[in-house]
>>> print(open('query-v6.cif').read())   # mmCIF, C-alpha atoms
data_work
loop_
_atom_site.label_atom_id
_atom_site.label_comp_id
_atom_site.auth_asym_id
_atom_site.auth_seq_id
_atom_site.Cartn_x
_atom_site.Cartn_y
_atom_site.Cartn_z
CA MET A 1 -170.36 -58.13 94.62
CA ALA A 2 -168.27 -58.95 91.59
CA SER A 3 -168.41 -62.34 89.98
CA LYS A 4 -165.85 -65.09 90.23
CA THR A 5 -162.56 -64.01 88.64
CA ASN A 6 -160.02 -66.33 90.14
CA GLY A 7 -156.61 -65.34 88.82
CA ASP A 8 -157.54 -61.78 87.89
CA PRO A 9 -155.23 -58.98 88.94
CA ILE A 10 -156.06 -57.55 92.31
CA THR A 11 -158.44 -54.67 91.98
CA PRO A 12 -157.09 -51.38 93.30
CA SER A 13 -159.21 -49.94 96.05
CA TRP A 14 -157.56 -46.71 97.05
CA ASN A 15 -160.66 -45.07 98.41
CA GLY A 16 -162.41 -48.11 99.76
CA GLU A 17 -165.14 -47.83 97.13
CA THR A 18 -164.04 -50.71 94.96
CA PRO A 19 -165.54 -54.03 96.02
CA PRO A 20 -163.16 -56.67 97.33
CA ARG A 21 -161.57 -59.12 94.99
CA PRO A 22 -163.99 -61.96 94.43
CA ALA A 23 -163.56 -64.99 96.58
CA PHE A 24 -162.24 -68.27 95.41
CA ARG A 25 -162.29 -71.65 97.05
CA ALA A 26 -158.86 -72.69 98.25
CA GLY A 27 -160.29 -75.68 100.07
CA ALA A 28 -163.63 -77.21 100.86
CA GLU A 29 -164.37 -74.70 103.62
CA GLU A 30 -161.78 -72.03 103.01
CA LEU A 31 -162.64 -68.66 101.63
CA VAL A 32 -159.69 -66.46 100.64
CA LEU A 33 -160.06 -62.76 99.92
CA HIS A 34 -157.55 -60.11 98.94
CA GLN A 35 -157.79 -56.36 98.83
CA ARG A 36 -155.28 -53.57 98.60
CA VAL A 37 -155.61 -50.38 100.58
CA VAL A 38 -153.54 -47.27 100.89
CA ILE A 39 -152.86 -46.01 104.38
CA GLN A 40 -154.70 -42.70 104.76
CA ASN A 41 -153.81 -41.84 108.34
CA PRO A 42 -151.44 -38.84 108.29
CA GLU A 43 -149.52 -40.44 111.15
CA GLY A 44 -149.29 -43.76 109.36
CA LEU A 45 -150.02 -47.17 110.85
CA HIS A 46 -148.80 -46.24 114.30
CA MET A 47 -149.52 -48.03 117.53
CA ARG A 48 -153.18 -47.14 117.99
CA PRO A 49 -154.35 -48.17 114.53
CA ALA A 50 -152.08 -51.22 114.73
CA THR A 51 -153.75 -52.23 117.98
CA ALA A 52 -157.21 -51.50 116.59
CA VAL A 53 -156.50 -53.65 113.51
CA ALA A 54 -155.21 -56.54 115.62
CA GLN A 55 -158.21 -56.39 117.93
CA ALA A 56 -160.61 -56.28 114.98
CA ALA A 57 -158.88 -59.21 113.26
CA LYS A 58 -159.21 -61.32 116.41
CA ARG A 59 -162.99 -60.89 116.41
CA PHE A 60 -163.39 -63.04 113.32
CA ASN A 61 -162.91 -66.70 112.67
CA ALA A 62 -160.42 -65.95 109.95
CA GLU A 63 -156.70 -65.90 109.36
CA ALA A 64 -155.64 -62.40 108.34
CA THR A 65 -152.34 -61.35 106.85
CA LEU A 66 -151.08 -57.88 105.93
CA ILE A 67 -148.56 -57.72 103.12
CA ARG A 68 -146.22 -54.88 102.26
CA GLY A 69 -143.72 -55.74 99.58
CA ASP A 70 -142.01 -58.95 100.66
CA LEU A 71 -143.12 -58.60 104.25
CA ARG A 72 -146.12 -60.67 105.42
CA VAL A 73 -147.36 -60.18 108.97
CA ASN A 74 -150.13 -61.56 111.12
CA ALA A 75 -152.93 -58.99 111.30
CA ARG A 76 -154.00 -60.39 114.67
CA SER A 77 -150.75 -59.19 116.24
CA ALA A 78 -150.07 -55.51 116.96
CA TRP A 79 -146.41 -56.50 117.35
CA ASP A 80 -146.35 -57.78 113.81
CA ILE A 81 -148.26 -54.86 112.34
CA LEU A 82 -145.70 -52.38 113.70
CA LEU A 83 -143.07 -54.16 111.62
CA LEU A 84 -144.75 -52.81 108.49
CA SER A 85 -143.65 -49.26 109.36
CA ALA A 86 -146.41 -48.08 107.03
CA ALA A 87 -146.58 -44.31 106.63
CA GLN A 88 -149.39 -42.41 104.97
CA GLY A 89 -149.54 -43.47 101.33
CA ALA A 90 -148.08 -46.91 101.91
CA GLU A 91 -149.85 -49.67 100.01
CA ILE A 92 -150.91 -52.70 102.02
CA GLU A 93 -152.46 -55.88 100.72
CA ILE A 94 -154.91 -57.61 103.02
CA GLU A 95 -155.28 -61.38 102.71
CA VAL A 96 -157.94 -63.15 104.74
CA ARG A 97 -159.02 -66.74 104.77
CA GLY A 98 -161.49 -68.73 106.77
CA PRO A 99 -165.20 -69.02 107.44
CA GLU A 100 -165.54 -65.33 108.36
CA ALA A 101 -163.10 -63.95 105.81
CA ASP A 102 -165.60 -61.54 104.33
CA GLY A 103 -166.41 -59.89 107.65
CA ALA A 104 -162.74 -59.71 108.59
CA LEU A 105 -161.84 -58.14 105.27
CA ALA A 106 -164.51 -55.46 105.56
CA ALA A 107 -163.40 -54.59 109.09
CA LEU A 108 -159.72 -54.39 108.17
CA VAL A 109 -160.32 -52.36 105.02
CA ASP A 110 -162.38 -49.94 107.06
CA LEU A 111 -159.69 -49.50 109.72
CA LEU A 112 -156.71 -49.36 107.37
CA SER A 113 -158.22 -46.92 104.90
CA THR A 114 -159.69 -44.50 107.39
CA PRO A 115 -157.78 -41.21 107.84
CA THR A 116 -158.20 -41.22 111.61
CA LEU A 117 -159.44 -43.20 114.54
CA PRO A 118 -161.80 -41.56 117.05
CA ASP A 119 -159.91 -39.00 119.16
CA GLU A 120 -157.38 -38.45 116.40
CA GLU A 121 -159.22 -35.68 114.60
CA ARG A 122 -156.74 -33.11 115.82
CA ALA A 123 -154.05 -34.89 113.86
CA LEU A 124 -155.70 -33.70 110.66
CA PRO A 125 -154.85 -30.29 109.22
CA PRO A 126 -157.51 -27.65 109.82
CA LYS A 127 -160.27 -27.60 107.25
CA GLY A 128 -160.31 -24.77 104.72
CA MET B 1 -134.51 -45.64 113.34
CA ARG B 2 -132.57 -47.98 115.61
CA THR B 3 -133.49 -48.20 119.25
CA SER B 4 -129.98 -47.22 120.30
CA GLU B 5 -130.36 -44.05 118.21
CA PHE B 6 -133.27 -42.73 120.25
CA VAL B 7 -132.69 -44.35 123.65
CA VAL B 8 -130.74 -42.02 125.94
CA ARG B 9 -128.17 -44.24 127.59
CA ASP B 10 -127.94 -42.17 130.77
CA ALA B 11 -131.72 -42.24 131.22
CA ILE B 12 -132.04 -46.05 131.27
CA ILE B 13 -133.63 -47.33 134.49
CA PRO B 14 -132.57 -50.88 135.41
CA GLY B 15 -134.86 -51.10 138.43
CA VAL B 16 -138.09 -49.13 138.34
CA ALA B 17 -139.08 -47.88 141.78
CA ALA B 18 -142.62 -46.94 140.76
CA ALA B 19 -145.45 -49.41 141.19
CA ASN B 20 -148.22 -48.01 139.03
CA LYS B 21 -148.68 -46.71 135.50
CA GLU B 22 -148.55 -42.97 136.21
CA ALA B 23 -145.60 -43.30 138.55
CA VAL B 24 -143.62 -45.33 136.01
CA ILE B 25 -144.27 -42.71 133.34
CA ARG B 26 -143.22 -39.93 135.72
CA GLU B 27 -140.08 -41.81 136.66
CA MET B 28 -139.11 -42.35 133.02
CA VAL B 29 -139.76 -38.76 131.95
CA GLY B 30 -137.89 -37.61 135.06
CA SER B 31 -134.95 -39.75 134.05
CA LEU B 32 -134.89 -38.16 130.60
CA ARG B 33 -134.93 -34.74 132.25
CA ALA B 34 -132.16 -35.72 134.66
CA ALA B 35 -130.08 -36.91 131.71
CA GLY B 36 -130.52 -33.49 130.11
CA SER B 37 -132.54 -34.79 127.17
CA ILE B 38 -135.71 -32.85 127.90
CA LYS B 39 -136.08 -29.42 129.40
CA ALA B 40 -137.28 -29.20 132.97
CA ALA B 41 -139.96 -26.75 131.83
CA ALA B 42 -141.39 -29.39 129.47
CA GLU B 43 -141.32 -32.31 131.90
CA GLU B 44 -144.83 -32.03 133.30
CA GLU B 45 -146.34 -31.37 129.90
CA ILE B 46 -144.65 -34.46 128.47
CA VAL B 47 -145.88 -36.57 131.39
CA ARG B 48 -149.40 -35.34 130.72
CA ALA B 49 -149.09 -36.04 126.99
CA VAL B 50 -147.96 -39.61 127.65
CA LEU B 51 -150.75 -40.15 130.19
CA LYS B 52 -153.28 -38.71 127.76
CA ARG B 53 -152.11 -41.15 125.11
CA GLU B 54 -152.56 -43.99 127.61
CA GLN B 55 -156.16 -42.89 128.15
CA LEU B 56 -156.85 -43.59 124.47
CA GLY B 57 -155.72 -47.17 124.96
CA SER B 58 -152.91 -48.81 126.85
CA THR B 59 -149.54 -49.04 125.13
CA GLY B 60 -149.00 -52.27 127.04
CA ILE B 61 -148.70 -54.28 123.85
CA GLY B 62 -148.49 -57.63 125.57
CA ARG B 63 -145.83 -60.16 126.56
CA GLY B 64 -144.71 -57.95 129.44
CA VAL B 65 -143.82 -54.95 127.29
CA ALA B 66 -145.23 -51.41 127.10
CA ILE B 67 -144.25 -48.59 124.79
CA PRO B 68 -145.56 -45.39 126.43
CA HIS B 69 -145.12 -42.56 123.96
CA ALA B 70 -146.19 -39.09 122.93
CA LYS B 71 -145.29 -36.27 120.61
CA HIS B 72 -144.04 -33.00 121.95
CA PRO B 73 -142.73 -29.85 120.27
CA SER B 74 -139.87 -29.45 122.73
CA VAL B 75 -137.89 -32.37 121.28
CA GLU B 76 -136.08 -31.99 117.98
CA LYS B 77 -135.64 -35.69 117.31
CA PRO B 78 -137.15 -38.86 118.76
CA ILE B 79 -135.72 -39.59 122.20
CA GLY B 80 -136.55 -42.24 124.70
CA THR B 81 -135.50 -44.53 127.45
CA VAL B 82 -135.86 -48.10 128.64
CA ALA B 83 -136.95 -49.16 132.11
CA VAL B 84 -137.17 -52.59 133.67
CA ALA B 85 -139.50 -53.51 136.52
CA LYS B 86 -138.50 -56.80 138.10
CA ALA B 87 -141.82 -57.19 139.92
CA GLY B 88 -144.01 -56.08 137.02
CA VAL B 89 -146.47 -53.21 136.92
CA ASN B 90 -150.17 -53.24 136.10
CA PHE B 91 -150.37 -51.26 132.85
CA ASN B 92 -153.82 -52.36 131.66
CA SER B 93 -152.04 -54.25 128.92
CA LEU B 94 -153.80 -55.81 125.97
CA ASP B 95 -153.12 -59.28 127.40
CA ASN B 96 -153.80 -58.16 131.00
CA GLU B 97 -150.32 -59.29 132.02
CA PRO B 98 -148.08 -57.09 134.20
CA VAL B 99 -145.40 -55.12 132.38
CA HIS B 100 -141.71 -55.68 133.06
CA ILE B 101 -140.13 -53.81 130.17
CA PHE B 102 -140.97 -50.20 129.25
CA VAL B 103 -139.68 -48.41 126.18
CA MET B 104 -140.61 -44.72 126.22
CA LEU B 105 -140.57 -42.75 123.00
CA ILE B 106 -141.02 -38.98 122.75
CA SER B 107 -141.16 -37.74 119.17
CA PRO B 108 -141.32 -34.34 117.51
CA GLN B 109 -144.77 -33.53 116.14
CA ASP B 110 -143.84 -33.38 112.49
CA ARG B 111 -141.88 -36.57 111.88
CA PRO B 112 -144.35 -39.46 111.68
CA SER B 113 -142.00 -41.60 109.59
CA GLU B 114 -139.25 -41.54 112.21
CA HIS B 115 -141.80 -42.37 114.89
CA LEU B 116 -142.99 -45.36 112.82
CA ARG B 117 -139.46 -46.59 112.22
CA ALA B 118 -138.67 -46.34 115.91
CA LEU B 119 -141.77 -48.40 116.74
CA GLU B 120 -140.78 -50.92 114.09
CA ASN B 121 -137.36 -51.32 115.60
CA VAL B 122 -138.70 -51.71 119.12
CA SER B 123 -141.10 -54.36 117.88
CA ARG B 124 -138.34 -56.15 116.00
CA ILE B 125 -136.00 -56.55 118.95
CA LEU B 126 -138.56 -57.03 121.73
CA ARG B 127 -140.51 -59.76 119.94
CA ASP B 128 -137.64 -62.06 120.87
CA ASP B 129 -138.59 -63.79 124.13
CA ALA B 130 -134.99 -64.66 124.96
CA PHE B 131 -133.96 -61.04 124.56
CA CYS B 132 -136.77 -59.92 126.89
CA ARG B 133 -135.67 -62.50 129.45
CA PHE B 134 -132.12 -61.18 129.38
CA LEU B 135 -133.38 -57.62 129.61
CA ARG B 136 -135.44 -58.45 132.71
CA GLN B 137 -132.40 -60.04 134.31
CA ALA B 138 -130.14 -57.07 133.62
CA SER B 139 -129.24 -55.18 136.76
CA THR B 140 -127.29 -52.20 135.47
CA ARG B 141 -127.71 -49.46 132.88
CA GLU B 142 -124.65 -50.72 131.06
CA GLU B 143 -126.00 -54.25 130.78
CA ILE B 144 -129.26 -52.99 129.27
CA TRP B 145 -127.37 -50.79 126.82
CA GLU B 146 -125.14 -53.67 125.78
CA LEU B 147 -128.16 -55.92 125.24
CA LEU B 148 -129.87 -53.27 123.09
CA THR B 149 -126.87 -52.62 120.89
CA GLU B 150 -126.04 -56.30 120.60
CA ALA B 151 -129.62 -57.17 119.61
CA GLU B 152 -129.52 -54.54 116.90
CA SER B 153 -126.24 -55.73 115.52
CA ASN B 154 -127.75 -59.20 115.17
CA LYS B 155 -130.80 -58.03 113.22
#
>>> encode(input="query-v6.cif", output="structure tokens")
Amino acid sequence: MASKTNGDPITPSWNGETPPRPAFRAGAEELVLHQRVVIQNPEGLHMRPATAVAQAAKRFNAEATLIRGDLRVNARSAWDILLLSAAQGAEIEIEVRGPEADGALAALVDLLSTPTLPDEERALPPKG
Amino acid sequence: MRTSEFVVRDAIIPGVAAANKEAVIREMVGSLRAAGSIKAAAEEEIVRAVLKREQLGSTGIGRGVAIPHAKHPSVEKPIGTVAVAKAGVNFNSLDNEPVHIFVMLISPQDRPSEHLRALENVSRILRDDAFCRFLRQASTREEIWELLTEAESNK
């Protein structure tokens, strides 16, 4: 994990390989993490991934926000996530804070940067 | 894409007769067929596509709303309808609450952006609890249409 760089520009993480932006202490107990991802799903952030993200976010003791441009939405709400209207290639910033921010961030990065959810393989173009 | 751009006015169902998930979906697709928006030959296949999508996870998104949807090559642009069930229908929703408002969306297979914008618009207008209350109280197709267009003009 990278060292403390509070105030540094957010590190791009297009392919999910770049480690998350280092944490900083916003309060005595509050951990805040940011990471940008690019939506890889060819169908975009449609209802299934939106629901999967919301359900994942609810599993952690953390406040999670998805940001696209000026729009900030609650990652624990599928309703809110649909407002992002994020097609493939859209850039989303994830902001998480709370005792389990690191786990929440990892889960959300994984879901948002994956090309497909299980059962969606047929949405991909044929290989070769 | 605004909801009034894909909702087929003549296919709106103010009082759903069906009492379970599959029957509601069949009633809504049937209403789109009766309105001339989908071909009779495609009706059963669209019903199956919507049901298959439901098997992957309920589109009952909570707060009494479901957005059953599917993609199908027989439609050239996103089309859909709205149905209201006064009594509520078990839709295996995310919050386990019965569903009173259904927004069906059938999209072409190659236009993911339009599908996303339609979902965005549905989410934008149906997140308003007062609007959902009015929708549930509406008793005619015209009332539902007026509510939809009025809600959009206020956004």
>>> resolve_selection(input="query-v6.cif", expression="the PyMOL selection byres ((chain A) within 7 of (chain B))", output="number ranges by chain")
A: 43-44, 46, 79, 82-83, 85, 87
>>> atom_distance(input="query-v6.cif", atom1="CA of Leu135 (chain B)", atom2="CA of Leu84 (chain A)")
24.5 Å
>>> residues_around(input="query-v6.cif", residues="Ala87 (chain B)", least_positions_apart="5", cutoff="10 Å", atoms="all atoms listed in the file", output="MDAnalysis selection string")
chainID B and resid 15:17 19 98:100 136
>>> closest_residue(input="query-v6.cif", among="B:Ile12, B:Ile101, B:Ile106, B:Cys132", to="Glu43 (chain B)", atoms="only C-alpha atoms")
B:Ile106
>>> residues_around(input="query-v6.cif", residues="Gly89 (chain A)", least_positions_apart="2", cutoff="7 Å", atoms="only C-alpha atoms", output="PyMOL selection string")
chain A and resi 38-40+87+91
>>> closest_residue(input="query-v6.cif", among="B:Ala35, B:Ala70, B:Ala42, B:Ala11", to="Trp145 (chain B)", atoms="all atoms listed in the file")
B:Ala11
>>> atom_distance(input="query-v6.cif", atom1="CA of Phe60 (chain A)", atom2="CA of Gly103 (chain A)")
7.2 Å
>>> atom_distance(input="query-v6.cif", atom1="CA of Asn92 (chain B)", atom2="CA of Val8 (chain B)")
25.9 Å
>>> resolve_selection(input="query-v6.cif", expression="the PyMOL selection byres ((chain A and resi 52-54) around 8)", output="list of chain:residue names")
A:Arg48, A:Pro49, A:Ala50, A:Thr51, A:Gln55, A:Ala56, A:Ala57, A:Lys58, A:Ala75, A:Arg76, A:Ser77, A:Ala78, A:Ile81, A:Leu108, A:Leu111, A:Leu112
>>> resolve_selection(input="query-v6.cif", expression="the PyMOL selection byres ((chain A and resi 36) around 7)", output="list in words")
Pro12, Ser13, His34, Gln35, Val37, Val38, Glu91, Ile92, Glu93 and Ile94 of chain A
>>> closest_residue(input="query-v6.cif", among="B:Ala40, B:Val75, B:Leu51, B:Val82", to="Ala23 (chain B)", atoms="only C-alpha atoms")
B:Leu51
>>> residues_around(input="query-v6.cif", residues="Asn20 (chain B)", least_positions_apart="6", cutoff="9 Å", atoms="only C-alpha atoms", output="list in words")
Val89, Asn90 and Phe91 of chain B
>>> closest_residue(input="query-v6.cif", among="B:Asp128, B:Glu22, B:Glu5, B:Asp10", to="Gln55 (chain B)", atoms="all atoms listed in the file")
B:Glu22
>>> closest_residue(input="query-v6.cif", among="A:Val32, A:Arg68, A:Ala90, A:Asn61", to="Ser113 (chain A)", atoms="all atoms listed in the file")
A:Ala90
>>> closest_residue(input="query-v6.cif", among="B:Glu152, B:Lys52, B:Ser74, B:Ala83", to="Ser31 (chain B)", atoms="only C-alpha atoms")
B:Ala83
>>> residues_around(input="query-v6.cif", residues="Glu146 (chain B)", least_positions_apart="5", cutoff="12 Å", atoms="all atoms listed in the file", output="count of residues only")
14
>>> build_atoms(input="query-v6.cif", residues="region 99-119 of chain B", atoms="N, CA and C atoms", output="compact mmCIF listing (two decimals), in the frame of the given file")
# COMPACT_ATOMS: atom_id res chain seq x y z
N VAL B 99 -146.47 -55.54 133.28
CA VAL B 99 -145.40 -55.12 132.38
C VAL B 99 -144.07 -55.09 133.13
N HIS B 100 -143.06 -55.66 132.50
CA HIS B 100 -141.71 -55.68 133.06
C HIS B 100 -140.74 -54.79 132.27
N ILE B 101 -141.05 -54.58 131.01
CA ILE B 101 -140.13 -53.81 130.17
C ILE B 101 -140.89 -52.63 129.55
N PHE B 102 -140.35 -51.42 129.77
CA PHE B 102 -140.97 -50.20 129.25
C PHE B 102 -139.99 -49.53 128.29
N VAL B 103 -140.49 -49.19 127.12
CA VAL B 103 -139.68 -48.41 126.18
C VAL B 103 -140.45 -47.12 125.92
N MET B 104 -139.92 -46.01 126.41
CA MET B 104 -140.61 -44.72 126.22
C MET B 104 -140.05 -44.04 124.98
N LEU B 105 -140.97 -43.45 124.21
CA LEU B 105 -140.57 -42.75 123.00
C LEU B 105 -141.27 -41.40 122.94
N ILE B 106 -140.48 -40.33 122.88
CA ILE B 106 -141.02 -38.98 122.75
C ILE B 106 -140.55 -38.44 121.39
N SER B 107 -141.51 -38.14 120.54
CA SER B 107 -141.16 -37.74 119.17
C SER B 107 -141.56 -36.30 118.90
N PRO B 108 -140.86 -35.65 117.96
CA PRO B 108 -141.32 -34.34 117.51
C PRO B 108 -142.68 -34.49 116.82
N GLN B 109 -143.40 -33.40 116.66
CA GLN B 109 -144.77 -33.53 116.14
C GLN B 109 -144.83 -33.71 114.63
N ASP B 110 -143.75 -33.41 113.95
CA ASP B 110 -143.84 -33.38 112.49
C ASP B 110 -143.01 -34.46 111.80
N ARG B 111 -142.70 -35.53 112.52
CA ARG B 111 -141.88 -36.57 111.88
C ARG B 111 -142.50 -37.96 112.07
N PRO B 112 -143.68 -38.17 111.48
CA PRO B 112 -144.35 -39.46 111.68
C PRO B 112 -143.54 -40.65 111.18
N SER B 113 -142.74 -40.46 110.13
CA SER B 113 -142.00 -41.60 109.59
C SER B 113 -140.94 -42.08 110.58
N GLU B 114 -140.27 -41.14 111.23
CA GLU B 114 -139.25 -41.54 112.21
C GLU B 114 -139.90 -42.25 113.39
N HIS B 115 -141.06 -41.74 113.79
CA HIS B 115 -141.80 -42.37 114.89
C HIS B 115 -142.15 -43.82 114.51
N LEU B 116 -142.63 -44.01 113.28
CA LEU B 116 -142.99 -45.36 112.82
C LEU B 116 -141.77 -46.28 112.78
N ARG B 117 -140.65 -45.75 112.32
CA ARG B 117 -139.46 -46.59 112.22
C ARG B 117 -138.93 -46.95 113.61
N ALA B 118 -139.08 -46.02 114.54
CA ALA B 118 -138.67 -46.34 115.91
C ALA B 118 -139.55 -47.44 116.49
N LEU B 119 -140.86 -47.35 116.27
CA LEU B 119 -141.77 -48.40 116.74
C LEU B 119 -141.45 -49.74 116.08
